[in-house]
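J.: Here it is, the structure in full.
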Amino acid sequence: MALLEVRDLRTEFGAGRRAVTAVDGVSFTVDAGEMVALVGESGCGKSATAQSIMGLIVPPAGRVAGGQVLFEGRDLLRMSPRELRAVRGSGIAMIFQDPMTSLNPVLTVGRQLTESLTLHLGLRGAAARARAVELLDMVRIPAAATRLSSYPHQLSGGMRQRVMIAMALSCNPRLILADEITTALDVTIQAQILALLRDLAAETRTAVLFITHDLGVVAGMAERVNVMYAGQIVESAETADLFRRPQMPYTWGLLGSVPRLDQARGGRLRPIGGQPPELSAMPSGCRFAPRCVHRRDVCLDSPPGLTAPREASERDQQTRCWGTQDASHGGWLSTKDRYASQLVEEK
């Protein structure tokens, strides 16, 4: 049994005729000790998926309209608020995108760290403080004991993110949801934070759902990747298979937008043309079809399902694309098409 199993999750924002579906039929699993990535452009539904798992989508602003979120076999969506609070922190922890807005500006780092230790582990006084120092040491913050008296604004961005990681690990959760945790950091600090999270997850055997827009980051972090577009997962594969044989044209576009070390000097990146669809006016067929240079009539008329592509190198690789999976429509896309149209540099 998977540690986390998300089944056909649907999340809506708004009400009545103005309601829009931000997460539409999303399904994936995360095994114990595994790092799984959720990747896609801003607005594709990644963060809404994580917030739905944590029970942070509340009416009237939004609601989880359907599906299941099974954590260790228990459906989080059917839990009472009290039961869900007991799972948060001790079972599932979340690291948010911007630590400056996630940390309380008027409370010291030590106060915020010991609060969860008291709530979930029953530690108080010197025992809680000792554990807080241990956690700051674990995330490699120098002079950890003195940093307990610091306020968030007195720390750098990288140190604030380390504090957030320490808070997430404080109660020994089995799963961490890491939502765009390096977005506001420079590349050097970003590399340090990613290496820290990877090492700590391996040491503690904590599973991680790693949410990002950057496929370049995913390569060295995750074991499996789920690519999201317009509220749906459009490709799912082992990380090595995704980079070796990507199937979905949207994935090709994401890869083509990543700078490459072997790229010729002066070569240009190939951004994906167009804009993602409005949530209130989704295309009737494939949601990526309006931006896809390979689209055909069937793409505009009929929505494809998430199934194994013809050229899948592994049985569990799946894609949501008529051109790679459906023999009755020709299955016209191939690996050769990918490099010919998306990733070859302009001469």
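By order of appearance in the structure tokens: chains A, B, ..., then residues from 1 within every chain, and ligands from 1 in the order shown.
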Which residues of region 157-239 of chain A come within 6 Å of region 38-55 of chain A, and what is each one's closest atom pair and distance in Å (one decimal), counting only C-alpha atoms, sorted by chain and residue number, as a Markdown table?
T.:
| residue | atom | partner | partner_atom | distance |
| --- | --- | --- | --- | --- |
| A:Ile211 | CA | A:Leu38 | CA | 4.8 |
| A:Thr212 | CA | A:Val39 | CA | 5.2 |
| A:His213 | CA | A:Gly40 | CA | 4.9 |
| A:Asn226 | CA | A:Leu38 | CA | 4.9 |
| A:Val227 | CA | A:Val39 | CA | 4.8 |
| A:Met228 | CA | A:Gly40 | CA | 5.0 |
| A:Tyr229 | CA | A:Cys44 | CA | 5.1 |
| A:Ala230 | CA | A:Cys44 | CA | 4.6 |
| A:Gly231 | CA | A:Gly45 | CA | 5.0 |
J.: Using DSSP assignments from the backbone, pull out every residue in region 212-261 of chain A that falls under alpha helix (DSSP H) and give it to me as a list in words.
T.: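 Assigned to alpha helix (DSSP H), within region 212-261 of chain A: Leu215, Gly216, Val217, Val218, Thr239, Ala240, Asp241, Leu242, Phe243, Arg244, Pro249, Tyr250, Thr251, Trp252, Gly253, Leu254, Leu255 and Gly256 of chain A.
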J.: Can you list, as a list in words, every residue of region 111-187 of chain A that DSSP puts in strand (DSSP E or B)?
T.: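 Checking each residue of region 111-187 of chain A, the strand (DSSP E or B) ones are Leu175, Ile176, Leu177, Ala178 and Asp179 of chain A.
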J.: Counting only C-alpha atoms, figure out which residue out of A:Pro309, A:Gly285, A:Gly33, A:Pro303 gets nearest to Ser236 (chain A).
T.: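 Nearest to Ser236 (chain A): A:Pro309.
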J.: Kindly provide the residues of region 214-297 of chain A that approach region 322-326 of chain A to within 10 Å, each paired with its closest atom pair and their distance in Å to one decimal, based on only C-alpha atoms, listed by chain and increasing number, as a Markdown table.
T.:
| residue | atom | partner | partner_atom | distance |
| --- | --- | --- | --- | --- |
| A:Gln247 | CA | A:Thr324 | CA | 6.5 |
| A:Met248 | CA | A:Thr324 | CA | 7.4 |
| A:Pro249 | CA | A:Gly323 | CA | 9.1 |
| A:Cys286 | CA | A:Trp322 | CA | 8.5 |
| A:His294 | CA | A:Gly323 | CA | 8.1 |
| A:Arg295 | CA | A:Gly323 | CA | 8.1 |
| A:Arg296 | CA | A:Gly323 | CA | 8.6 |
J.: I'd like to know which of A:Ala128, A:Leu200, A:His153, A:Gly216 is closest to Pro259 (chain A), using only C-alpha atoms.
T.: A:Gly216
J.: To one decimal in Å, tell me the separation between CA of Val20 (chain A) and CA of Pro59 (chain A).
T.: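 Computing the Euclidean distance for CA of Val20 (chain A) and CA of Pro59 (chain A) yields 13.7 Å.
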